[in-house]
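Engineer: Dropping in my_file.txt, which is compact mmCIF, N, CA and C atoms:
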# COMPACT_ATOMS: atom_id res chain seq x y z
N MET A 1 108.00 124.88 115.44
CA MET A 1 108.30 124.29 116.75
C MET A 1 108.63 122.80 116.63
N TYR A 2 107.87 122.10 115.81
CA TYR A 2 108.12 120.68 115.60
C TYR A 2 108.62 120.53 114.18
N ALA A 3 109.91 120.40 114.03
CA ALA A 3 110.53 120.41 112.70
C ALA A 3 110.30 119.10 111.97
N ARG A 4 109.60 119.20 110.86
CA ARG A 4 109.46 118.04 109.97
C ARG A 4 110.71 117.97 109.09
N THR A 5 111.13 116.76 108.83
CA THR A 5 112.27 116.56 107.94
C THR A 5 111.85 115.62 106.82
N LYS A 6 112.59 115.65 105.76
CA LYS A 6 112.32 114.76 104.63
C LYS A 6 112.47 113.31 105.08
N TYR A 7 111.58 112.48 104.60
CA TYR A 7 111.63 111.04 104.88
C TYR A 7 112.73 110.42 104.03
N GLU A 8 113.85 110.15 104.66
CA GLU A 8 115.00 109.58 103.97
C GLU A 8 115.98 109.04 105.00
N LYS A 9 116.87 108.19 104.53
CA LYS A 9 117.90 107.65 105.42
C LYS A 9 118.85 108.78 105.82
N LYS A 10 119.18 108.79 107.11
CA LYS A 10 120.06 109.81 107.65
C LYS A 10 121.23 109.12 108.39
N PRO A 11 122.30 109.86 108.65
CA PRO A 11 123.42 109.26 109.38
C PRO A 11 123.05 108.86 110.81
N TRP A 12 122.09 109.58 111.40
CA TRP A 12 121.62 109.26 112.75
C TRP A 12 120.23 109.87 112.93
N TYR A 13 119.52 109.36 113.93
CA TYR A 13 118.16 109.84 114.21
C TYR A 13 118.09 110.17 115.70
N PRO A 14 117.55 111.34 116.03
CA PRO A 14 117.49 111.74 117.44
C PRO A 14 116.82 110.70 118.34
N ASN A 15 117.50 110.32 119.38
CA ASN A 15 117.00 109.45 120.43
C ASN A 15 116.80 107.99 120.04
N LEU A 16 117.16 107.57 118.82
CA LEU A 16 117.06 106.16 118.47
C LEU A 16 118.36 105.46 118.83
N ARG A 17 118.22 104.36 119.54
CA ARG A 17 119.40 103.55 119.90
C ARG A 17 119.80 102.69 118.71
N GLU A 18 120.89 101.97 118.86
CA GLU A 18 121.44 101.19 117.76
C GLU A 18 120.44 100.19 117.17
N GLY A 19 119.78 99.41 118.02
CA GLY A 19 118.82 98.43 117.54
C GLY A 19 117.63 99.07 116.85
N GLU A 20 117.16 100.18 117.39
CA GLU A 20 116.04 100.90 116.79
C GLU A 20 116.44 101.50 115.45
N THR A 21 117.65 102.04 115.37
CA THR A 21 118.15 102.60 114.12
C THR A 21 118.25 101.53 113.05
N PHE A 22 118.73 100.35 113.42
CA PHE A 22 118.82 99.23 112.48
C PHE A 22 117.45 98.89 111.92
N ILE A 23 116.44 98.80 112.77
CA ILE A 23 115.07 98.49 112.34
C ILE A 23 114.54 99.61 111.44
N TRP A 24 114.73 100.86 111.85
CA TRP A 24 114.23 101.99 111.06
C TRP A 24 114.87 102.03 109.69
N ASN A 25 116.18 101.81 109.61
CA ASN A 25 116.85 101.82 108.31
C ASN A 25 116.35 100.69 107.41
N ARG A 26 116.06 99.53 107.98
CA ARG A 26 115.47 98.44 107.19
C ARG A 26 114.09 98.82 106.68
N PHE A 27 113.31 99.51 107.51
CA PHE A 27 111.99 99.98 107.09
C PHE A 27 112.12 100.96 105.94
N LEU A 28 113.05 101.91 106.06
CA LEU A 28 113.27 102.90 105.00
C LEU A 28 113.63 102.22 103.67
N GLU A 29 114.46 101.20 103.73
CA GLU A 29 114.85 100.49 102.51
C GLU A 29 113.67 99.73 101.91
N LYS A 30 112.87 99.12 102.78
CA LYS A 30 111.75 98.29 102.31
C LYS A 30 110.56 99.14 101.86
N TYR A 31 110.36 100.30 102.48
CA TYR A 31 109.21 101.16 102.18
C TYR A 31 109.69 102.59 101.88
N PRO A 32 110.36 102.78 100.74
CA PRO A 32 110.94 104.10 100.45
C PRO A 32 109.91 105.20 100.20
N ASP A 33 108.66 104.83 99.94
CA ASP A 33 107.62 105.83 99.66
C ASP A 33 106.55 105.88 100.74
N ALA A 34 106.82 105.34 101.91
CA ALA A 34 105.81 105.28 102.96
C ALA A 34 105.38 106.66 103.44
N TYR A 35 106.30 107.59 103.51
CA TYR A 35 106.01 108.93 104.02
C TYR A 35 106.71 109.96 103.15
N THR A 36 106.30 111.20 103.31
CA THR A 36 107.01 112.31 102.66
C THR A 36 107.85 113.07 103.68
N GLU A 37 107.33 113.13 104.92
CA GLU A 37 108.04 113.84 105.99
C GLU A 37 107.95 113.07 107.29
N THR A 38 108.86 113.40 108.20
CA THR A 38 108.87 112.76 109.51
C THR A 38 109.24 113.78 110.58
N ILE A 39 108.84 113.46 111.79
CA ILE A 39 109.35 114.16 112.97
C ILE A 39 109.96 113.07 113.84
N TYR A 40 111.18 113.27 114.30
CA TYR A 40 111.84 112.32 115.19
C TYR A 40 111.86 112.87 116.61
N ASN A 41 111.70 111.96 117.58
CA ASN A 41 111.88 112.30 118.98
C ASN A 41 110.96 113.46 119.41
N LEU A 42 109.68 113.33 119.08
CA LEU A 42 108.72 114.38 119.41
C LEU A 42 108.37 114.31 120.89
N HIS A 43 108.72 115.35 121.63
CA HIS A 43 108.46 115.44 123.07
C HIS A 43 107.02 115.87 123.31
N LEU A 44 106.32 115.13 124.18
CA LEU A 44 104.92 115.42 124.49
C LEU A 44 104.67 115.28 125.98
N GLY A 45 103.65 115.94 126.44
CA GLY A 45 103.25 115.81 127.84
C GLY A 45 103.85 116.89 128.70
N GLU A 46 103.45 116.88 129.93
CA GLU A 46 103.86 117.90 130.88
C GLU A 46 105.27 117.69 131.42
N GLY A 47 105.70 116.46 131.48
CA GLY A 47 106.97 116.16 132.13
C GLY A 47 106.81 116.24 133.64
N ALA A 48 107.83 115.86 134.36
CA ALA A 48 107.79 115.88 135.82
C ALA A 48 107.81 117.31 136.34
N GLU A 49 107.28 117.49 137.53
CA GLU A 49 107.29 118.81 138.15
C GLU A 49 108.73 119.23 138.44
N ILE A 50 109.03 120.45 138.07
CA ILE A 50 110.38 120.98 138.24
C ILE A 50 110.52 121.49 139.67
N PRO A 51 111.54 121.02 140.37
CA PRO A 51 111.72 121.45 141.76
C PRO A 51 111.88 122.97 141.86
N ALA A 52 111.27 123.54 142.88
CA ALA A 52 111.36 124.98 143.10
C ALA A 52 112.82 125.42 143.22
N GLY A 53 113.13 126.57 142.64
CA GLY A 53 114.48 127.12 142.74
C GLY A 53 115.44 126.58 141.70
N THR A 54 114.98 125.71 140.79
CA THR A 54 115.84 125.16 139.75
C THR A 54 116.17 126.25 138.73
N GLU A 55 117.43 126.34 138.36
CA GLU A 55 117.85 127.33 137.37
C GLU A 55 117.11 127.07 136.05
N GLU A 56 116.84 128.15 135.32
CA GLU A 56 116.03 128.06 134.11
C GLU A 56 116.58 127.09 133.07
N ASN A 57 117.90 127.14 132.82
CA ASN A 57 118.48 126.24 131.81
C ASN A 57 118.38 124.77 132.25
N ILE A 58 118.51 124.50 133.51
CA ILE A 58 118.37 123.13 134.03
C ILE A 58 116.91 122.72 134.02
N ALA A 59 116.02 123.64 134.33
CA ALA A 59 114.58 123.36 134.35
C ALA A 59 114.10 122.92 132.97
N ARG A 60 114.57 123.59 131.92
CA ARG A 60 114.17 123.23 130.56
C ARG A 60 114.63 121.81 130.23
N ASP A 61 115.87 121.51 130.52
CA ASP A 61 116.39 120.16 130.26
C ASP A 61 115.66 119.12 131.08
N PHE A 62 115.33 119.45 132.32
CA PHE A 62 114.61 118.52 133.19
C PHE A 62 113.26 118.16 132.58
N LYS A 63 112.56 119.17 132.08
CA LYS A 63 111.26 118.92 131.45
C LYS A 63 111.44 118.01 130.24
N LEU A 64 112.39 118.33 129.37
CA LEU A 64 112.61 117.51 128.18
C LEU A 64 112.94 116.06 128.53
N LEU A 65 113.74 115.88 129.56
CA LEU A 65 114.13 114.53 129.95
C LEU A 65 112.98 113.70 130.52
N THR A 66 111.97 114.38 131.06
CA THR A 66 110.89 113.66 131.73
C THR A 66 109.59 113.62 130.91
N GLN A 67 109.60 114.17 129.71
CA GLN A 67 108.43 114.09 128.85
C GLN A 67 108.42 112.75 128.11
N TYR A 68 107.25 112.39 127.59
CA TYR A 68 107.16 111.24 126.69
C TYR A 68 107.77 111.65 125.35
N LYS A 69 108.28 110.67 124.62
CA LYS A 69 108.93 110.94 123.35
C LYS A 69 108.48 109.93 122.31
N ILE A 70 107.88 110.43 121.24
CA ILE A 70 107.49 109.57 120.12
C ILE A 70 108.73 109.33 119.28
N ASP A 71 109.02 108.07 118.96
CA ASP A 71 110.19 107.77 118.13
C ASP A 71 110.08 108.48 116.79
N VAL A 72 108.97 108.23 116.07
CA VAL A 72 108.79 108.83 114.74
C VAL A 72 107.32 109.15 114.53
N VAL A 73 107.07 110.30 113.95
CA VAL A 73 105.74 110.62 113.42
C VAL A 73 105.94 110.72 111.91
N GLY A 74 105.21 109.87 111.18
CA GLY A 74 105.31 109.85 109.72
C GLY A 74 104.12 110.55 109.09
N PHE A 75 104.37 111.34 108.05
CA PHE A 75 103.33 112.09 107.35
C PHE A 75 103.33 111.73 105.87
N ASN A 76 102.15 111.49 105.33
CA ASN A 76 101.97 111.27 103.91
C ASN A 76 100.59 111.78 103.54
N LYS A 77 100.54 112.94 102.89
CA LYS A 77 99.28 113.64 102.60
C LYS A 77 98.56 113.89 103.91
N ASP A 78 97.34 113.41 104.06
CA ASP A 78 96.58 113.62 105.31
C ASP A 78 96.85 112.55 106.36
N GLN A 79 97.64 111.57 106.02
CA GLN A 79 97.94 110.45 106.92
C GLN A 79 98.99 110.85 107.95
N ILE A 80 98.70 110.52 109.21
CA ILE A 80 99.66 110.71 110.29
C ILE A 80 99.83 109.36 110.98
N ASP A 81 101.05 108.88 111.05
CA ASP A 81 101.35 107.63 111.75
C ASP A 81 102.25 107.92 112.94
N ILE A 82 101.86 107.42 114.09
CA ILE A 82 102.69 107.48 115.28
C ILE A 82 103.38 106.14 115.38
N ILE A 83 104.71 106.17 115.35
CA ILE A 83 105.49 104.95 115.21
C ILE A 83 106.38 104.74 116.44
N GLU A 84 106.20 103.58 117.05
CA GLU A 84 107.10 103.14 118.13
C GLU A 84 108.00 102.07 117.54
N ILE A 85 109.29 102.27 117.63
CA ILE A 85 110.26 101.30 117.13
C ILE A 85 110.78 100.53 118.33
N LYS A 86 110.61 99.20 118.29
CA LYS A 86 110.95 98.41 119.47
C LYS A 86 111.47 97.04 119.03
N PRO A 87 112.74 96.75 119.30
CA PRO A 87 113.20 95.38 119.08
C PRO A 87 112.41 94.42 119.99
N TYR A 88 112.04 93.30 119.45
CA TYR A 88 111.29 92.26 120.18
C TYR A 88 110.10 92.88 120.91
N ALA A 89 109.20 93.47 120.14
CA ALA A 89 108.10 94.26 120.67
C ALA A 89 107.09 93.41 121.44
N GLY A 90 106.57 94.03 122.51
CA GLY A 90 105.55 93.40 123.35
C GLY A 90 104.52 94.42 123.79
N ALA A 91 103.88 94.11 124.91
CA ALA A 91 102.79 94.94 125.42
C ALA A 91 103.22 96.37 125.74
N SER A 92 104.46 96.57 126.12
CA SER A 92 104.90 97.94 126.43
C SER A 92 104.81 98.83 125.20
N ALA A 93 105.12 98.30 124.03
CA ALA A 93 105.03 99.08 122.79
C ALA A 93 103.57 99.46 122.51
N ILE A 94 102.66 98.55 122.81
CA ILE A 94 101.23 98.83 122.62
C ILE A 94 100.82 99.99 123.53
N GLY A 95 101.19 99.92 124.79
CA GLY A 95 100.86 100.99 125.71
C GLY A 95 101.46 102.32 125.29
N GLN A 96 102.68 102.27 124.77
CA GLN A 96 103.33 103.51 124.34
C GLN A 96 102.59 104.18 123.19
N VAL A 97 102.26 103.44 122.12
CA VAL A 97 101.62 104.10 120.99
C VAL A 97 100.22 104.61 121.34
N ILE A 98 99.51 103.91 122.20
CA ILE A 98 98.20 104.39 122.64
C ILE A 98 98.36 105.70 123.42
N SER A 99 99.30 105.72 124.33
CA SER A 99 99.57 106.93 125.12
C SER A 99 100.01 108.09 124.24
N TYR A 100 100.90 107.82 123.31
CA TYR A 100 101.41 108.86 122.43
C TYR A 100 100.29 109.47 121.58
N ALA A 101 99.37 108.65 121.11
CA ALA A 101 98.26 109.16 120.29
C ALA A 101 97.41 110.14 121.09
N GLU A 102 97.13 109.81 122.33
CA GLU A 102 96.32 110.71 123.16
C GLU A 102 97.07 112.01 123.45
N LEU A 103 98.35 111.91 123.73
CA LEU A 103 99.14 113.12 123.99
C LEU A 103 99.31 113.96 122.73
N TYR A 104 99.44 113.32 121.58
CA TYR A 104 99.53 114.05 120.31
C TYR A 104 98.27 114.86 120.09
N LYS A 105 97.12 114.24 120.33
CA LYS A 105 95.85 114.95 120.15
C LYS A 105 95.72 116.09 121.17
N LYS A 106 96.17 115.89 122.38
CA LYS A 106 96.06 116.93 123.40
C LYS A 106 97.00 118.10 123.14
N HIS A 107 98.24 117.82 122.76
CA HIS A 107 99.25 118.86 122.69
C HIS A 107 99.55 119.38 121.28
N ILE A 108 99.22 118.61 120.26
CA ILE A 108 99.58 119.01 118.89
C ILE A 108 98.34 119.32 118.05
N ASN A 109 97.45 118.34 117.93
CA ASN A 109 96.30 118.51 117.04
C ASN A 109 95.11 117.72 117.57
N PRO A 110 94.15 118.42 118.19
CA PRO A 110 93.00 117.71 118.77
C PRO A 110 92.13 117.01 117.73
N ASN A 111 92.24 117.41 116.47
CA ASN A 111 91.44 116.79 115.41
C ASN A 111 92.16 115.64 114.72
N ALA A 112 93.38 115.37 115.09
CA ALA A 112 94.16 114.31 114.44
C ALA A 112 93.56 112.94 114.74
N ARG A 113 93.65 112.09 113.76
CA ARG A 113 93.25 110.68 113.91
C ARG A 113 94.44 109.83 113.46
N PRO A 114 95.49 109.83 114.28
CA PRO A 114 96.71 109.14 113.84
C PRO A 114 96.55 107.63 113.82
N ASN A 115 97.25 107.02 112.88
CA ASN A 115 97.37 105.56 112.86
C ASN A 115 98.45 105.19 113.85
N LEU A 116 98.27 104.08 114.54
CA LEU A 116 99.25 103.62 115.51
C LEU A 116 100.04 102.47 114.89
N VAL A 117 101.36 102.59 114.93
CA VAL A 117 102.23 101.62 114.27
C VAL A 117 103.34 101.19 115.22
N ILE A 118 103.55 99.90 115.31
CA ILE A 118 104.70 99.35 116.02
C ILE A 118 105.61 98.74 114.95
N LEU A 119 106.83 99.20 114.93
CA LEU A 119 107.83 98.73 113.98
C LEU A 119 108.85 97.91 114.77
N THR A 120 109.05 96.66 114.34
CA THR A 120 109.90 95.77 115.12
C THR A 120 110.63 94.77 114.22
N ASP A 121 111.54 94.04 114.85
CA ASP A 121 112.22 92.95 114.16
C ASP A 121 111.57 91.60 114.50
N GLN A 122 110.93 91.52 115.65
CA GLN A 122 110.21 90.31 116.05
C GLN A 122 109.26 90.65 117.20
N LEU A 123 108.29 89.77 117.41
CA LEU A 123 107.25 90.02 118.41
C LEU A 123 107.33 89.06 119.58
N ARG A 124 106.98 89.57 120.75
CA ARG A 124 106.77 88.70 121.90
C ARG A 124 105.46 87.95 121.69
N PRO A 125 105.29 86.82 122.36
CA PRO A 125 104.04 86.07 122.20
C PRO A 125 102.82 86.92 122.54
N ASP A 126 101.76 86.74 121.79
CA ASP A 126 100.44 87.37 121.97
C ASP A 126 100.40 88.85 121.58
N THR A 127 101.49 89.45 121.21
CA THR A 127 101.49 90.87 120.87
C THR A 127 100.62 91.15 119.65
N GLU A 128 100.72 90.31 118.65
CA GLU A 128 99.93 90.52 117.43
C GLU A 128 98.43 90.47 117.72
N LEU A 129 98.00 89.53 118.54
CA LEU A 129 96.60 89.42 118.93
C LEU A 129 96.13 90.69 119.63
N LEU A 130 96.91 91.15 120.59
CA LEU A 130 96.54 92.35 121.35
C LEU A 130 96.51 93.59 120.46
N ALA A 131 97.50 93.73 119.62
CA ALA A 131 97.57 94.90 118.73
C ALA A 131 96.38 94.92 117.77
N LYS A 132 96.03 93.77 117.23
CA LYS A 132 94.91 93.69 116.30
C LYS A 132 93.61 94.13 116.99
N GLN A 133 93.40 93.71 118.22
CA GLN A 133 92.20 94.08 118.97
C GLN A 133 92.12 95.59 119.20
N LEU A 134 93.27 96.25 119.24
CA LEU A 134 93.33 97.69 119.51
C LEU A 134 93.57 98.53 118.27
N ASN A 135 93.48 97.89 117.10
CA ASN A 135 93.66 98.56 115.82
C ASN A 135 95.04 99.21 115.69
N ILE A 136 96.05 98.49 116.13
CA ILE A 136 97.45 98.94 116.03
C ILE A 136 98.13 98.08 114.97
N LYS A 137 98.74 98.75 114.01
CA LYS A 137 99.43 98.05 112.93
C LYS A 137 100.82 97.64 113.40
N ILE A 138 101.18 96.41 113.08
CA ILE A 138 102.53 95.92 113.38
C ILE A 138 103.25 95.67 112.06
N ILE A 139 104.45 96.19 111.97
CA ILE A 139 105.29 95.95 110.80
C ILE A 139 106.57 95.31 111.29
N ILE A 140 106.86 94.13 110.77
CA ILE A 140 108.09 93.41 111.11
C ILE A 140 109.05 93.53 109.93
N VAL A 141 110.23 94.06 110.19
CA VAL A 141 111.24 94.17 109.13
C VAL A 141 112.51 93.45 109.54
Now, as a test, write the supplied structure out as structure tokens.

Structural biologist:
Amino acid sequence: MYARTKYEKKPWYPNLREGETFIWNRFLEKYPDAYTETIYNLHLGEGAEIPAGTEENIARDFKLLTQYKIDVVGFNKDQIDIIEIKPYAGASAIGQVISYAELYKKHINPNARPNLVILTDQLRPDTELLAKQLNIKIIIV
């Protein structure tokens, strides 16, 4: 259901925009052995309520569009990292990785203890302080 792929540079990554792709490719070059496998664009959560009478094919797309989406889940042996890629990362990235970790545990693996990672090119003021207090790793590439 959740397709893991080999951790390697690809021509494109599902749901990553240009700036995010640039950051991710720099990370791949700098840390070629960080993971063995990845999942991109992992949809989690219930999504918005589908209006009554919606056709089945539209209902499925509606759910996918309104669910939360993890940019990358990285795997290396027993290690699971939930990664939010955000140019000029700030508090919103912190909120996202915390939310994603809880949804991952609820919908994928209740026993998981994922590491929370924000991958960025630069930080907004005070982000590093806040992330450190919440045990969130920040990687600047």

Engineer: Tell me, which residues of chain A carry DSSP strand (DSSP E), written as an NGL selection string?

Structural biologist: :A and (5-6 or 37-44 or 68-76 or 79-85 or 115-120 or 136-140)

Engineer: Step one, run DSSP on the backbone; step two, keep only residues of segment 83-121 of chain A assigned to helix (DSSP H, G or I); then write them as a PyMOL selection string.

Structural biologist: chain A and resi 91-107

Engineer: What is the distance, in Å and to one decimal place, between atom CA of Val97 of chain A and atom CA of Pro32 of chain A?

Structural biologist: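 Pair atom CA of Val97 of chain A / atom CA of Pro32 of chain A returns 22.6 Å.
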
Engineer: What's around segment 9-17 of chain A at 7 Å? Count only N, CA and C atoms, leave out sequence neighbours fewer than 5 positions away in its own chain, and write the answer as a PyMOL selection string.

Structural biologist: chain A and resi 22+25+28+40-41+71

Engineer: Between A:Glu20, A:Asp61, A:Glu37, A:Glu29, single out the one closest to Glu84 of chain A, counting only C-alpha atoms.

Structural biologist: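 Among the listed residues, the smallest separation from Glu84 of chain A belongs to A:Glu20.
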
Engineer: Can you sort out the box for segment 66-79 of chain A, edges along x, y and z, all listed atoms in, 5 Å on every side, with centre and edge lengths in Å to one decimal, as JSON?

Structural biologist:
{"center_x": 104.3, "center_y": 111.1, "center_z": 117.2, "size_x": 25.4, "size_y": 16.6, "size_z": 39.1}

Engineer: Which residue is closest to Leu44 of chain A? Choose from A:Asp78, A:Lys6, A:Leu64, A:Glu56 and count only N, CA and C atoms.

Structural biologist: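 Using only N, CA and C atoms, the shortest distance to Leu44 of chain A belongs to A:Leu64.
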
Engineer: Counting only C-alpha atoms, write as a PyMOL selection string all protein and nucleic acid residues lying at most 8 Å from (101.9, 118.6, 123.5) in the file's frame.

Structural biologist: chain A and resi 43-46+103-108

Engineer: Which polymer residues, whether protein, DNA or RNA, lie within 5 Å of the coordinate (108.8, 95.2, 111.3) when you count all atoms listed in the file? List them as a PDB file with N, CA and C atoms, keeping the file's coordinate frame, using the chain letters and numbers from the file.

Structural biologist:
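Once everything was written out, this is selection_8.pdb:
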ATOM      1  N   LEU A 119     106.830  99.200 114.930  1.00  0.00           N
ATOM      2  CA  LEU A 119     107.830  98.730 113.980  1.00  0.00           C
ATOM      3  C   LEU A 119     108.850  97.910 114.770  1.00  0.00           C
ATOM      4  N   THR A 120     109.050  96.660 114.340  1.00  0.00           N
ATOM      5  CA  THR A 120     109.900  95.770 115.120  1.00  0.00           C
ATOM      6  C   THR A 120     110.630  94.770 114.220  1.00  0.00           C
ATOM      7  N   ASP A 121     111.540  94.040 114.850  1.00  0.00           N
ATOM      8  CA  ASP A 121     112.220  92.950 114.160  1.00  0.00           C
ATOM      9  C   ASP A 121     111.570  91.600 114.500  1.00  0.00           C
ATOM     10  N   ILE A 139     104.450  96.190 111.970  1.00  0.00           N
ATOM     11  CA  ILE A 139     105.290  95.950 110.800  1.00  0.00           C
ATOM     12  C   ILE A 139     106.570  95.310 111.290  1.00  0.00           C
ATOM     13  N   ILE A 140     106.860  94.130 110.770  1.00  0.00           N
ATOM     14  CA  ILE A 140     108.090  93.410 111.110  1.00  0.00           C
ATOM     15  C   ILE A 140     109.050  93.530 109.930  1.00  0.00           C
ATOM     16  N   VAL A 141     110.230  94.060 110.190  1.00  0.00           N
ATOM     17  CA  VAL A 141     111.240  94.170 109.130  1.00  0.00           C
ATOM     18  C   VAL A 141     112.510  93.450 109.540  1.00  0.00           C
TER      19      VAL A 141
END

Engineer: What's around Gly47 of chain A at 8 Å? Count all atoms listed in the file, leave out sequence neighbours fewer than 2 positions away in its own chain, and write the answer as a list in words.

Structural biologist: Leu44, Gly45, Glu49, Ile50, Phe62, Lys63, Leu64, Leu65, Thr66, Gln67 and Tyr68 of chain A
